[in-house]
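These notes are about the structure you will find just below.
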Amino acid sequence: DWNNNPTNVTYKIDENDKSQDFSIEQVKEFGIYNYSTFKRFILPIDKSGTNVNSLSSQRSPEWDIDTVFLKVEIDGSAALYSYKKSGLKRYFYSINDSVPKQLVYKKYRTEYGSLIENNTFQNQLQADVKIENMSAKDISQLEYTSKELKNYFIRYNESKGLLYNKGKDEKSKYNIFVKAGVSLTSLSVYNNHN
């Protein structure tokens, strides 16, 4: 796995083959079977800084429309995605294959220099991905971390009896697959070498 979400894909089917490069515009989805999957989306993303010394004074997200690969963390009727780039970490959710929406979390400074957190993601979960036997107080204690959000989405899918996939299976064979986008009609690559 990368430290940052990729913006292009380079792969070889075999060690001796020549590398092939695909840009983000050419690839719709790619991954290593039963390990990780990335899907391409065009969506609003808040890329406001996370460095304590350069935090914004705005509580609201500072949206940019961008084409990004999001990593699938939980794949199912209620899906969780992540985006990492240069210390920035954002999470997105989707219900029934809709275009993902960012779970809003932002640190910002008040005019007096106090550090405050915008935890709108908790309200989003309460409104759109509500676990019936979980109180608003319990949701307000959730942190914006991979572990807590993954556990929340697993619990949600299980509570509704929905199928989901947790992604990473450390013992699986590595099979690489690519689903091409607009400029290529169809491409699937499977590598069964151990």
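Naming scheme: A, B, ... for chains in displayed order of the structure tokens; residues 1 onward per chain; ligands 1 onward as shown.
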Can I get the residues of region 20-50 of chain A within 12 Å of region 60-67 of chain A, each with the closest pair of atoms and their distance in Å to one decimal, using only C-alpha atoms, sorted chain first then ascending number, as JSON lines?
{"residue": "A:Ser23", "atom": "CA", "partner": "A:Thr67", "partner_atom": "CA", "distance": 11.1}
{"residue": "A:Ile24", "atom": "CA", "partner": "A:Thr67", "partner_atom": "CA", "distance": 7.7}
{"residue": "A:Glu25", "atom": "CA", "partner": "A:Thr67", "partner_atom": "CA", "distance": 8.2}
{"residue": "A:Gln26", "atom": "CA", "partner": "A:Thr67", "partner_atom": "CA", "distance": 11.6}
{"residue": "A:Val27", "atom": "CA", "partner": "A:Thr67", "partner_atom": "CA", "distance": 11.3}
{"residue": "A:Lys28", "atom": "CA", "partner": "A:Thr67", "partner_atom": "CA", "distance": 10.8}
{"residue": "A:Lys39", "atom": "CA", "partner": "A:Thr67", "partner_atom": "CA", "distance": 10.4}
{"residue": "A:Arg40", "atom": "CA", "partner": "A:Thr67", "partner_atom": "CA", "distance": 6.9}
{"residue": "A:Phe41", "atom": "CA", "partner": "A:Thr67", "partner_atom": "CA", "distance": 5.6}
{"residue": "A:Ile42", "atom": "CA", "partner": "A:Thr67", "partner_atom": "CA", "distance": 4.3}
{"residue": "A:Leu43", "atom": "CA", "partner": "A:Ile65", "partner_atom": "CA", "distance": 5.3}
{"residue": "A:Pro44", "atom": "CA", "partner": "A:Ile65", "partner_atom": "CA", "distance": 4.3}
{"residue": "A:Ile45", "atom": "CA", "partner": "A:Trp63", "partner_atom": "CA", "distance": 5.3}
{"residue": "A:Asp46", "atom": "CA", "partner": "A:Trp63", "partner_atom": "CA", "distance": 4.6}
{"residue": "A:Lys47", "atom": "CA", "partner": "A:Glu62", "partner_atom": "CA", "distance": 6.8}
{"residue": "A:Ser48", "atom": "CA", "partner": "A:Glu62", "partner_atom": "CA", "distance": 6.0}
{"residue": "A:Gly49", "atom": "CA", "partner": "A:Glu62", "partner_atom": "CA", "distance": 9.7}
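All residues of protein, DNA or RNA that reach within 9 Å of region 121-134 of chain A, judged by only C-alpha atoms and not counting those fewer than 2 positions away in the chain, are Ala78, Ile95, Gln102, Leu103, Val104, Tyr105, Asn118, Asn119, Ala136, Lys137, Asp138, Ile139, Ser140, Gln141, Leu142, Glu143, Tyr144, Tyr152, Phe153, Arg155, Tyr156, Asn157, Ser159 and Lys160 of chain A.
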File dump, residues just selected, N, CA and C atoms, as an mmCIF file, in the first residue's frame:
data_model
loop_
_atom_site.group_PDB
_atom_site.id
_atom_site.type_symbol
_atom_site.label_atom_id
_atom_site.label_comp_id
_atom_site.auth_asym_id
_atom_site.auth_seq_id
_atom_site.Cartn_x
_atom_site.Cartn_y
_atom_site.Cartn_z
ATOM 1 N N ALA A 78 -23.220 -0.084 2.554
ATOM 2 C CA ALA A 78 -22.671 1.120 3.176
ATOM 3 C C ALA A 78 -21.157 0.985 3.071
ATOM 4 N N ILE A 95 -23.716 5.124 0.125
ATOM 5 C CA ILE A 95 -24.817 4.206 0.411
ATOM 6 C C ILE A 95 -25.372 3.718 -0.921
ATOM 7 N N GLN A 102 -17.703 13.103 1.381
ATOM 8 C CA GLN A 102 -16.678 13.173 2.416
ATOM 9 C C GLN A 102 -17.315 13.229 3.795
ATOM 10 N N LEU A 103 -16.780 12.456 4.718
ATOM 11 C CA LEU A 103 -17.132 12.582 6.125
ATOM 12 C C LEU A 103 -16.338 13.771 6.644
ATOM 13 N N VAL A 104 -17.033 14.827 6.996
ATOM 14 C CA VAL A 104 -16.384 16.109 7.293
ATOM 15 C C VAL A 104 -15.784 16.124 8.688
ATOM 16 N N TYR A 105 -14.481 16.343 8.699
ATOM 17 C CA TYR A 105 -13.728 16.543 9.938
ATOM 18 C C TYR A 105 -12.658 17.577 9.612
ATOM 19 N N ASN A 118 -14.148 20.559 13.863
ATOM 20 C CA ASN A 118 -15.457 20.457 13.228
ATOM 21 C C ASN A 118 -15.702 18.959 13.030
ATOM 22 N N ASN A 119 -16.596 18.391 13.816
ATOM 23 C CA ASN A 119 -16.901 16.958 13.772
ATOM 24 C C ASN A 119 -18.234 16.680 13.071
ATOM 25 N N ALA A 136 -27.036 8.836 20.058
ATOM 26 C CA ALA A 136 -26.331 10.015 19.539
ATOM 27 C C ALA A 136 -25.088 10.289 20.378
ATOM 28 N N LYS A 137 -25.164 10.008 21.669
ATOM 29 C CA LYS A 137 -24.005 10.206 22.547
ATOM 30 C C LYS A 137 -22.860 9.281 22.141
ATOM 31 N N ASP A 138 -23.188 8.018 21.846
ATOM 32 C CA ASP A 138 -22.158 7.072 21.399
ATOM 33 C C ASP A 138 -21.509 7.540 20.094
ATOM 34 N N ILE A 139 -22.334 8.018 19.163
ATOM 35 C CA ILE A 139 -21.800 8.500 17.891
ATOM 36 C C ILE A 139 -20.923 9.729 18.107
ATOM 37 N N SER A 140 -21.297 10.586 19.050
ATOM 38 C CA SER A 140 -20.510 11.801 19.303
ATOM 39 C C SER A 140 -19.142 11.490 19.905
ATOM 40 N N GLN A 141 -18.947 10.264 20.358
ATOM 41 C CA GLN A 141 -17.650 9.872 20.909
ATOM 42 C C GLN A 141 -16.746 9.201 19.877
ATOM 43 N N LEU A 142 -17.274 8.980 18.668
ATOM 44 C CA LEU A 142 -16.454 8.388 17.604
ATOM 45 C C LEU A 142 -15.352 9.347 17.198
ATOM 46 N N GLU A 143 -14.189 8.796 16.941
ATOM 47 C CA GLU A 143 -13.070 9.602 16.456
ATOM 48 C C GLU A 143 -12.901 9.389 14.965
ATOM 49 N N TYR A 144 -12.289 10.355 14.321
ATOM 50 C CA TYR A 144 -12.069 10.333 12.872
ATOM 51 C C TYR A 144 -10.794 9.532 12.586
ATOM 52 N N TYR A 152 -17.314 1.020 12.721
ATOM 53 C CA TYR A 152 -18.668 1.569 12.634
ATOM 54 C C TYR A 152 -19.377 1.028 11.392
ATOM 55 N N PHE A 153 -18.714 1.061 10.223
ATOM 56 C CA PHE A 153 -19.348 0.608 8.978
ATOM 57 C C PHE A 153 -19.572 -0.898 8.968
ATOM 58 N N ARG A 155 -20.203 -2.642 11.688
ATOM 59 C CA ARG A 155 -21.349 -2.797 12.600
ATOM 60 C C ARG A 155 -22.654 -2.394 11.921
ATOM 61 N N TYR A 156 -22.627 -1.286 11.143
ATOM 62 C CA TYR A 156 -23.824 -0.846 10.436
ATOM 63 C C TYR A 156 -24.295 -1.925 9.456
ATOM 64 N N ASN A 157 -23.388 -2.404 8.600
ATOM 65 C CA ASN A 157 -23.755 -3.414 7.602
ATOM 66 C C ASN A 157 -24.277 -4.680 8.268
ATOM 67 N N SER A 159 -25.695 -4.896 11.255
ATOM 68 C CA SER A 159 -26.983 -4.627 11.907
ATOM 69 C C SER A 159 -28.138 -4.644 10.924
ATOM 70 N N LYS A 160 -27.847 -4.333 9.660
ATOM 71 C CA LYS A 160 -28.879 -4.335 8.617
ATOM 72 C C LYS A 160 -28.927 -5.653 7.855
#
Give me, as a tab-separated table, the closest atom pair and its distance (Å, one decimal) for every residue of region 45-159 of chain A within a cut-off of 10 Å of region 6-16 of chain A, counting only C-alpha atoms, rows sorted by chain and rising number.
residue	atom	partner	partner_atom	distance
A:Thr67	CA	A:Thr7	CA	8.8
A:Val68	CA	A:Thr7	CA	7.0
A:Phe69	CA	A:Pro6	CA	6.6
A:Leu70	CA	A:Pro6	CA	8.9
A:Lys71	CA	A:Pro6	CA	9.6
A:Tyr83	CA	A:Pro6	CA	9.6
A:Lys84	CA	A:Pro6	CA	9.1
A:Lys85	CA	A:Pro6	CA	8.8
Checklist outcome for this item: One decimal place gives the CA of Glu111 (chain A)-CA of Arg90 (chain A) separation as 25.1 Å
Next on the checklist: Run DSSP on the backbone and tell me which residues of region 11-167 of chain A come out as strand (DSSP E); list them as a ChimeraX atom specification.
Outcome noted: /A:11,20-23,27-32,36-46,63-76,78-85,88-95,101-103,106-109,115-118,164-165
